[in-house]
Protein chains: 2
Amino acid sequence: MSPMPSSADSPDGVSPSGGPQGDPQKASTIRDVALAAGVSKSTASRALLGQPGVSRANLEKVQRAIEQLDFVPNQIARSLSVPSPATLGLFLRSAEYPFYGHLAKGFAAEAGVRGYEVLSVSSFDQPDDANYQSLMVLAGLRAAGIVVASPVVDPLTIRRVAARVPLVLVGQMGQASNPDVPFVAPDPDDGVVLIEHVAALGHTSVALTAVAPEHSPTQWVRIERMRSHLEAQGVRNRIVTIGPETNFVDVVSGLHEAGVTAVLCNNDFAALDVLAAAAHLGLSVPGDLSVAGFDGLPPFDHEAVGLTTFRVPTAGLAAAAVDLVHKLVRDQDVERGGVFVPGELLVSRTTGPAPAR
Amino acid sequence: MSPMPSSADSPDGVSPSGGPQGDPQKASTIRDVALAAGVSKSTASRALLGQPGVSRANLEKVQRAIEQLDFVPNQIARSLSVPSPATLGLFLRSAEYPFYGHLAKGFAAEAGVRGYEVLSVSSFDQPDDANYQSLMVLAGLRAAGIVVASPVVDPLTIRRVAARVPLVLVGQMGQASNPDVPFVAPDPDDGVVLIEHVAALGHTSVALTAVAPEHSPTQWVRIERMRSHLEAQGVRNRIVTIGPETNFVDVVSGLHEAGVTAVLCNNDFAALDVLAAAAHLGLSVPGDLSVAGFDGLPPFDHEAVGLTTFRVPTAGLAAAAVDLVHKLVRDQDVERGGVFVPGELLVSRTTGPAPAR
DNA sequence: TTGTATGCGTTATCAC
DNA sequence: GTGATAACGCATACAA
């Protein structure tokens, strides 16, 4: 696919010229300010920027003109003449999920202390080419750097964009497809901590839930580690693939009948589904069945929910990502490969000792 | 405060000229493309935009050059000459809260079908002037329209921006401070539905939790309605102001001893806090105490959580907001005032009949 | 201290 | 069909 943007991106046939009676009030420019203040554009500009070398009289005149005209400097034009490395782009999967929301928060905080503005676009399950468009918007805005925190972006797109602007991946280990793109990801051994938790509780037959690989590549790395760790310990295990259509009552019922005493879920939402199913089946948790989630973000980590889960370090991931992209922007060397950030186990009331047989 | 942006917005002392050995690969421009293709800028531009009047030969040459140079048109420069009506700005409070995350999702979906790109910036509890800066970024980008979904933006800023670019408020009824700025908000009578729910269950003494007014202006409108409705029904009531430092065990204990049998919380997080406190005090829910939340977004609406709450219609709010701003962009008349969107009551296991006295 | 002239990258208006 | 040239709004080196 050509990198050309579609020229038909005008929304819904809106003509740029505006509506019936023309533009209501054309945005005032620095020229207007200068005119109103009776000075040259240069002086107005200098006053605007608070630069030295402007007489008090003119400064005040310009300020008055600005007030009066409600003048807002056009950042676009500004950044055209002075390359501003002050904007970072954030490409998120979907702010509706706590993980991405918290990631955005950490990202904004970390970028803020470094003086960056953050512009973000979300890929709410858009088709691939729409994702490409969205990323191009960020690139077209000449953001100093871009952080991509969405597993659904095609590697070729990543490579294309990464070739032009410093880019860091979050939450996916892109080695295979894009070895040169640095990344930040949760420690793949995070899941092993959960395994050790349930193994210590005496469980000898556990199930792991998972979603389709294309929805979350990192999940599979983690799950494979968990699985091999389980087998090394001689614990029976199985993987259950779930999706939007999954009937959890059937699934949990089947697992229980097969002797499974612990279910480790791929995320906290799934854990709630399992808990609801267990309740529906009259299974006590953790008496008959232990359940653990994954992500551990609010509100799932709340005492009132009581879920045993594993908290992914969103703040740490965000900080590492900003750090990486900042280095890239400053043209400093970045270690090939990436950064892994470990999370922490949160033990609550949904896991307990394996039932006596 | 003056509308002048700080000129010290360069991140961390980065010199624009780049790192040690100069710019590694200066972004290629249309000039480079034209040069490489052996045509003029005009022809290159036309080819880029897919405009008619370009020979097949030249078209192909330009396309090849684009591929080779990894050329991405500079949107910034582009929108300088032709104001792009294809971008909507979204100013969010904090994507970490489910409400804003879901709002963003609905917003993106609705804007997408209308052909807009969505750029969002979040005001994660920034100080006021930082908010101003962020909004100015959006305004400076010359977005076609802006939707502000953050209660913490000062009215003067809103007015300033609204004077330049179509702007719609979400979640706050700005009549008082900005009567001319259209808004979309949850129905202020939403809370009354909860009142009727607990009243029907026989509760005669209820408490309402609330946060400080500056954090959520709309909340107070809702709560006032609830309160007057309670009094009209002769139900005893009190308002408990909560904050980050609140000790919920003390609060709930006090309420219970005072004979309160139902607590209606200002949001779902607070409801979880109340539930945890009740559990800690050995109070049964809903036996001794009924608890309800507010917002009703995932995962709070999950069966496994079992919380009685009220779902605010994020999708509806988002759709209405996009509709409004779209009309504004097209220069169509917009009814003064705003749009109220009602939500729906979700009854679950934390509310029940009032305990016999 | 102030004004003039030029450039940033792109599109649009003209001539050719 | 093609290529100069002038905007767009702002910053800035340079001249005054």
# chains A, B, ... in the order shown; residues from 1 in each chain; ligands from 1

call {"tool": "interface_residues", "arguments": {"of": "chain A", "to": "chain D", "cutoff": "7 Å", "atoms": "only C-alpha atoms (C1' of nucleotides)", "output": "number ranges by chain"}}
result
A: 29, 74, 77-78, 81-82

call {"tool": "interface_residues", "arguments": {"of": "chain C", "to": "chain B", "cutoff": "12 Å", "atoms": "only C-alpha atoms (C1' of nucleotides)", "output": "MDAnalysis selection string"}}
result
chainID C and resid 8:13

call {"tool": "select_by_dssp", "arguments": {"residues": "stretch 66-302 of chain B", "states": "strand (DSSP E)", "output": "tab-separated table (two decimals) with all heavy atoms, in the first residue's frame"}}
result
chain	number	residue	atom	x	y	z
B	87	THR	N	-10.21	16.88	11.44
B	87	THR	CA	-9.72	16.47	12.75
B	87	THR	C	-10.56	17.06	13.87
B	87	THR	O	-10.86	18.25	13.88
B	87	THR	CB	-8.26	16.91	12.93
B	87	THR	OG1	-7.46	16.31	11.93
B	87	THR	CG2	-7.75	16.49	14.29
B	88	LEU	N	-10.91	16.21	14.79
B	88	LEU	CA	-11.64	16.65	15.97
B	88	LEU	C	-10.73	16.49	17.18
B	88	LEU	O	-10.02	15.50	17.32
B	88	LEU	CB	-12.88	15.79	16.15
B	88	LEU	CG	-14.26	16.43	16.00
B	88	LEU	CD1	-14.27	17.47	14.90
B	88	LEU	CD2	-15.31	15.37	15.75
B	89	GLY	N	-10.75	17.47	18.06
B	89	GLY	CA	-9.95	17.38	19.27
B	89	GLY	C	-10.80	16.95	20.44
B	89	GLY	O	-11.95	17.36	20.58
B	90	LEU	N	-10.24	16.08	21.27
B	90	LEU	CA	-10.96	15.63	22.45
B	90	LEU	C	-10.11	15.94	23.68
B	90	LEU	O	-8.97	15.47	23.79
B	90	LEU	CB	-11.23	14.12	22.36
B	90	LEU	CG	-11.93	13.48	23.55
B	90	LEU	CD1	-13.26	14.15	23.85
B	90	LEU	CD2	-12.13	11.99	23.31
B	91	PHE	N	-10.67	16.72	24.55
B	91	PHE	CA	-9.95	17.05	25.77
B	91	PHE	C	-10.59	16.31	26.93
B	91	PHE	O	-11.70	16.61	27.35
B	91	PHE	CB	-10.00	18.56	26.00
B	91	PHE	CG	-9.10	19.02	27.11
B	91	PHE	CD1	-7.75	19.18	26.91
B	91	PHE	CD2	-9.62	19.27	28.38
B	91	PHE	CE1	-6.92	19.59	27.94
B	91	PHE	CE2	-8.80	19.69	29.41
B	91	PHE	CZ	-7.45	19.85	29.19
B	92	LEU	N	-9.87	15.32	27.43
B	92	LEU	CA	-10.40	14.43	28.46
B	92	LEU	C	-9.83	14.76	29.82
B	92	LEU	O	-8.72	15.27	29.92
B	92	LEU	CB	-10.00	12.99	28.16
B	92	LEU	CG	-10.78	12.20	27.14
B	92	LEU	CD1	-10.21	10.80	27.09
B	92	LEU	CD2	-12.24	12.17	27.50
B	117	GLU	N	-10.68	12.32	11.98
B	117	GLU	CA	-9.64	11.77	12.83
B	117	GLU	C	-9.83	12.38	14.21
B	117	GLU	O	-10.26	13.52	14.34
B	117	GLU	CB	-8.24	12.16	12.33
B	117	GLU	CG	-7.70	11.36	11.17
B	117	GLU	CD	-7.59	9.86	11.48
B	117	GLU	OE1	-7.47	9.50	12.66
B	117	GLU	OE2	-7.63	9.08	10.52
B	118	VAL	N	-9.46	11.64	15.22
B	118	VAL	CA	-9.61	12.17	16.58
B	118	VAL	C	-8.24	12.26	17.26
B	118	VAL	O	-7.49	11.30	17.30
B	118	VAL	CB	-10.52	11.27	17.44
B	118	VAL	CG1	-10.53	11.77	18.87
B	118	VAL	CG2	-11.93	11.27	16.86
B	119	LEU	N	-7.96	13.44	17.75
B	119	LEU	CA	-6.73	13.66	18.51
B	119	LEU	C	-7.16	13.99	19.93
B	119	LEU	O	-8.01	14.85	20.13
B	119	LEU	CB	-5.97	14.84	17.93
B	119	LEU	CG	-4.60	14.60	17.31
B	119	LEU	CD1	-4.56	13.27	16.60
B	119	LEU	CD2	-4.27	15.73	16.37
B	120	SER	N	-6.57	13.33	20.90
B	120	SER	CA	-7.02	13.65	22.25
B	120	SER	C	-5.85	13.99	23.16
B	120	SER	O	-4.74	13.51	23.00
B	120	SER	CB	-7.83	12.49	22.84
B	120	SER	OG	-7.14	11.29	22.71
B	121	VAL	N	-6.13	14.85	24.09
B	121	VAL	CA	-5.16	15.15	25.13
B	121	VAL	C	-5.88	15.02	26.47
B	121	VAL	O	-7.07	15.28	26.57
B	121	VAL	CB	-4.54	16.56	24.99
B	121	VAL	CG1	-4.30	16.90	23.55
B	121	VAL	CG2	-5.43	17.60	25.62
B	122	SER	N	-5.15	14.56	27.45
B	122	SER	CA	-5.76	14.35	28.76
B	122	SER	C	-5.21	15.33	29.77
B	122	SER	O	-4.04	15.67	29.76
B	122	SER	CB	-5.49	12.92	29.24
B	122	SER	OG	-6.12	11.98	28.40
B	145	GLY	N	-13.07	21.00	15.33
B	145	GLY	CA	-13.91	21.21	16.50
B	145	GLY	C	-13.28	20.56	17.71
B	145	GLY	O	-12.40	19.71	17.59
B	146	ILE	N	-13.71	20.98	18.86
B	146	ILE	CA	-13.14	20.45	20.10
B	146	ILE	C	-14.26	20.05	21.05
B	146	ILE	O	-15.25	20.77	21.20
B	146	ILE	CB	-12.24	21.50	20.77
B	146	ILE	CG1	-11.03	21.82	19.88
B	146	ILE	CG2	-11.79	21.02	22.14
B	146	ILE	CD1	-10.07	22.81	20.50
B	147	VAL	N	-14.08	18.90	21.65
B	147	VAL	CA	-15.01	18.47	22.69
B	147	VAL	C	-14.26	18.42	24.01
B	147	VAL	O	-13.23	17.77	24.12
B	147	VAL	CB	-15.60	17.07	22.37
B	147	VAL	CG1	-16.43	16.57	23.55
B	147	VAL	CG2	-16.45	17.14	21.12
B	148	VAL	N	-14.77	19.12	24.98
B	148	VAL	CA	-14.11	19.18	26.28
B	148	VAL	C	-14.89	18.35	27.29
B	148	VAL	O	-16.03	18.67	27.62
B	148	VAL	CB	-13.99	20.62	26.78
B	148	VAL	CG1	-13.40	20.64	28.19
B	148	VAL	CG2	-13.12	21.43	25.85
B	149	ALA	N	-14.27	17.28	27.74
B	149	ALA	CA	-14.91	16.42	28.74
B	149	ALA	C	-14.06	16.43	29.98
B	149	ALA	O	-13.49	15.42	30.38
B	149	ALA	CB	-15.09	15.01	28.19
B	167	LEU	N	-16.88	24.37	19.84
B	167	LEU	CA	-16.55	23.65	21.06
B	167	LEU	C	-17.81	23.19	21.76
B	167	LEU	O	-18.80	23.92	21.84
B	167	LEU	CB	-15.73	24.57	21.98
B	167	LEU	CG	-15.12	23.98	23.24
B	167	LEU	CD1	-13.84	24.71	23.60
B	167	LEU	CD2	-16.09	24.04	24.42
B	168	VAL	N	-17.76	21.97	22.24
B	168	VAL	CA	-18.89	21.39	22.96
B	168	VAL	C	-18.40	20.84	24.29
B	168	VAL	O	-17.35	20.20	24.35
B	168	VAL	CB	-19.56	20.27	22.14
B	168	VAL	CG1	-20.57	19.51	22.98
B	168	VAL	CG2	-20.23	20.84	20.90
B	169	LEU	N	-19.16	21.08	25.32
B	169	LEU	CA	-18.81	20.55	26.63
B	169	LEU	C	-19.55	19.25	26.88
B	169	LEU	O	-20.70	19.09	26.51
B	169	LEU	CB	-19.19	21.55	27.72
B	169	LEU	CG	-18.45	22.88	27.73
B	169	LEU	CD1	-19.11	23.87	28.69
B	169	LEU	CD2	-17.00	22.64	28.14
B	170	VAL	N	-18.87	18.33	27.53
B	170	VAL	CA	-19.53	17.09	27.92
B	170	VAL	C	-19.46	16.92	29.42
B	170	VAL	O	-18.41	17.09	30.03
B	170	VAL	CB	-18.86	15.86	27.26
B	170	VAL	CG1	-19.45	14.57	27.83
B	170	VAL	CG2	-19.05	15.89	25.76
B	183	PHE	N	-23.71	22.12	25.34
B	183	PHE	CA	-23.20	21.04	26.18
B	183	PHE	C	-24.05	19.78	26.07
B	183	PHE	O	-25.20	19.82	25.65
B	183	PHE	CB	-23.12	21.48	27.63
B	183	PHE	CG	-24.47	21.72	28.25
B	183	PHE	CD1	-25.15	20.69	28.87
B	183	PHE	CD2	-25.05	22.98	28.19
B	183	PHE	CE1	-26.41	20.92	29.43
B	183	PHE	CE2	-26.30	23.21	28.74
B	183	PHE	CZ	-26.98	22.18	29.37
B	184	VAL	N	-23.45	18.70	26.47
B	184	VAL	CA	-24.13	17.42	26.57
B	184	VAL	C	-23.87	16.90	27.97
B	184	VAL	O	-22.73	16.92	28.43
B	184	VAL	CB	-23.56	16.40	25.56
B	184	VAL	CG1	-24.26	15.07	25.69
B	184	VAL	CG2	-23.69	16.94	24.15
B	185	ALA	N	-24.89	16.47	28.65
B	185	ALA	CA	-24.69	16.03	30.03
B	185	ALA	C	-25.66	14.92	30.38
B	185	ALA	O	-26.70	14.76	29.74
B	185	ALA	CB	-24.86	17.20	30.98
B	186	PRO	N	-25.27	14.13	31.40
B	186	PRO	CA	-26.21	13.13	31.91
B	186	PRO	C	-27.44	13.85	32.46
B	186	PRO	O	-27.33	14.97	32.96
B	186	PRO	CB	-25.44	12.44	33.04
B	186	PRO	CG	-24.01	12.78	32.82
B	186	PRO	CD	-24.01	14.11	32.13
B	205	SER	N	-33.97	6.36	55.99
B	205	SER	CA	-32.85	7.21	56.35
B	205	SER	C	-31.67	6.86	55.47
B	205	SER	O	-31.06	5.80	55.61
B	205	SER	CB	-32.49	7.01	57.84
B	205	SER	OG	-31.39	7.82	58.18
B	206	VAL	N	-31.35	7.73	54.55
B	206	VAL	CA	-30.29	7.43	53.60
B	206	VAL	C	-29.20	8.50	53.64
B	206	VAL	O	-29.43	9.62	54.05
B	206	VAL	CB	-30.83	7.32	52.15
B	206	VAL	CG1	-32.10	6.51	52.11
B	206	VAL	CG2	-31.04	8.67	51.55
B	207	ALA	N	-28.02	8.08	53.21
B	207	ALA	CA	-26.90	9.02	53.11
B	207	ALA	C	-26.45	9.10	51.66
B	207	ALA	O	-26.51	8.10	50.93
B	207	ALA	CB	-25.75	8.57	54.00
B	208	LEU	N	-26.02	10.27	51.27
B	208	LEU	CA	-25.44	10.45	49.94
B	208	LEU	C	-23.98	10.86	50.09
B	208	LEU	O	-23.67	11.75	50.88
B	208	LEU	CB	-26.18	11.56	49.18
B	208	LEU	CG	-27.71	11.51	49.16
B	208	LEU	CD1	-28.28	12.73	48.42
B	208	LEU	CD2	-28.18	10.24	48.46
B	209	THR	N	-23.11	10.22	49.34
B	209	THR	CA	-21.72	10.68	49.39
B	209	THR	C	-21.49	11.66	48.25
B	209	THR	O	-22.17	11.63	47.22
B	209	THR	CB	-20.71	9.52	49.27
B	209	THR	OG1	-20.72	9.03	47.94
B	209	THR	CG2	-21.05	8.40	50.24
B	210	ALA	N	-20.52	12.53	48.45
B	210	ALA	CA	-20.22	13.54	47.44
B	210	ALA	C	-18.76	13.93	47.56
B	210	ALA	O	-18.16	13.84	48.63
B	210	ALA	CB	-21.10	14.76	47.63
B	236	ARG	N	-35.42	10.81	55.78
B	236	ARG	CA	-34.29	11.49	56.41
B	236	ARG	C	-33.06	11.31	55.53
B	236	ARG	O	-32.84	10.25	54.93
B	236	ARG	CB	-34.01	10.92	57.80
B	236	ARG	CG	-35.08	11.28	58.83
B	236	ARG	CD	-34.50	11.32	60.25
B	236	ARG	NE	-33.72	10.15	60.61
B	236	ARG	CZ	-34.27	8.98	60.93
B	236	ARG	NH1	-35.58	8.84	60.96
B	236	ARG	NH2	-33.50	7.96	61.25
B	237	ASN	N	-32.21	12.30	55.46
B	237	ASN	CA	-31.05	12.20	54.59
B	237	ASN	C	-29.93	13.09	55.07
B	237	ASN	O	-30.12	14.05	55.81
B	237	ASN	CB	-31.43	12.60	53.16
B	237	ASN	CG	-31.85	14.05	53.08
B	237	ASN	OD1	-31.00	14.94	52.99
B	237	ASN	ND2	-33.16	14.32	53.15
B	238	ARG	N	-28.76	12.71	54.66
B	238	ARG	CA	-27.59	13.54	54.95
B	238	ARG	C	-26.57	13.37	53.84
B	238	ARG	O	-26.57	12.36	53.13
B	238	ARG	CB	-26.98	13.12	56.29
B	238	ARG	CG	-26.46	11.70	56.26
B	238	ARG	CD	-26.01	11.30	57.64
B	238	ARG	NE	-27.13	11.25	58.55
B	238	ARG	CZ	-27.02	11.30	59.88
B	238	ARG	NH1	-25.82	11.41	60.44
B	238	ARG	NH2	-28.08	11.22	60.65
B	239	ILE	N	-25.74	14.37	53.69
B	239	ILE	CA	-24.70	14.31	52.66
B	239	ILE	C	-23.34	14.17	53.32
B	239	ILE	O	-23.02	14.90	54.27
B	239	ILE	CB	-24.73	15.57	51.77
B	239	ILE	CG1	-26.05	15.59	51.00
B	239	ILE	CG2	-23.55	15.59	50.81
B	239	ILE	CD1	-26.18	16.74	50.03
B	240	VAL	N	-22.57	13.22	52.87
B	240	VAL	CA	-21.24	13.00	53.42
B	240	VAL	C	-20.21	13.36	52.37
B	240	VAL	O	-20.17	12.76	51.29
B	240	VAL	CB	-21.05	11.53	53.83
B	240	VAL	CG1	-19.71	11.34	54.50
B	240	VAL	CG2	-22.18	11.08	54.73
B	241	THR	N	-19.41	14.33	52.68
B	241	THR	CA	-18.36	14.70	51.72
B	241	THR	C	-17.15	13.81	51.92
B	241	THR	O	-16.64	13.66	53.04
B	241	THR	CB	-17.96	16.17	51.90
B	241	THR	OG1	-19.11	16.99	51.73
B	241	THR	CG2	-16.90	16.55	50.88
B	262	ALA	N	-29.23	3.04	54.08
B	262	ALA	CA	-28.85	3.00	52.66
B	262	ALA	C	-27.86	4.11	52.35
B	262	ALA	O	-28.05	5.25	52.78
B	262	ALA	CB	-30.08	3.13	51.77
B	263	VAL	N	-26.82	3.75	51.64
B	263	VAL	CA	-25.82	4.74	51.23
B	263	VAL	C	-25.78	4.79	49.70
B	263	VAL	O	-25.52	3.78	49.05
B	263	VAL	CB	-24.42	4.39	51.78
B	263	VAL	CG1	-23.41	5.45	51.36
B	263	VAL	CG2	-24.45	4.24	53.28
B	264	LEU	N	-26.06	5.95	49.17
B	264	LEU	CA	-25.99	6.14	47.72
B	264	LEU	C	-24.71	6.92	47.41
B	264	LEU	O	-24.55	8.06	47.83
B	264	LEU	CB	-27.21	6.93	47.23
B	264	LEU	CG	-28.56	6.32	47.64
B	264	LEU	CD1	-29.72	7.12	47.05
B	264	LEU	CD2	-28.65	4.86	47.21
B	290	SER	N	-27.86	-1.11	52.73
B	290	SER	CA	-27.90	-1.14	51.27
B	290	SER	C	-26.90	-0.13	50.73
B	290	SER	O	-26.73	0.96	51.29
B	290	SER	CB	-29.31	-0.79	50.76
B	290	SER	OG	-30.17	-1.90	50.88
B	291	VAL	N	-26.25	-0.51	49.63
B	291	VAL	CA	-25.24	0.37	49.04
B	291	VAL	C	-25.47	0.44	47.53
B	291	VAL	O	-25.70	-0.59	46.88
B	291	VAL	CB	-23.82	-0.15	49.32
B	291	VAL	CG1	-22.78	0.75	48.65
B	291	VAL	CG2	-23.56	-0.26	50.82
B	292	ALA	N	-25.41	1.63	47.00
B	292	ALA	CA	-25.51	1.78	45.55
B	292	ALA	C	-24.39	2.68	45.05
B	292	ALA	O	-23.92	3.56	45.77
B	292	ALA	CB	-26.87	2.36	45.15

call {"tool": "atom_distance", "arguments": {"atom1": "atom CA of B:Asp273", "atom2": "atom CA of B:Phe248"}}
result
6.5 Å
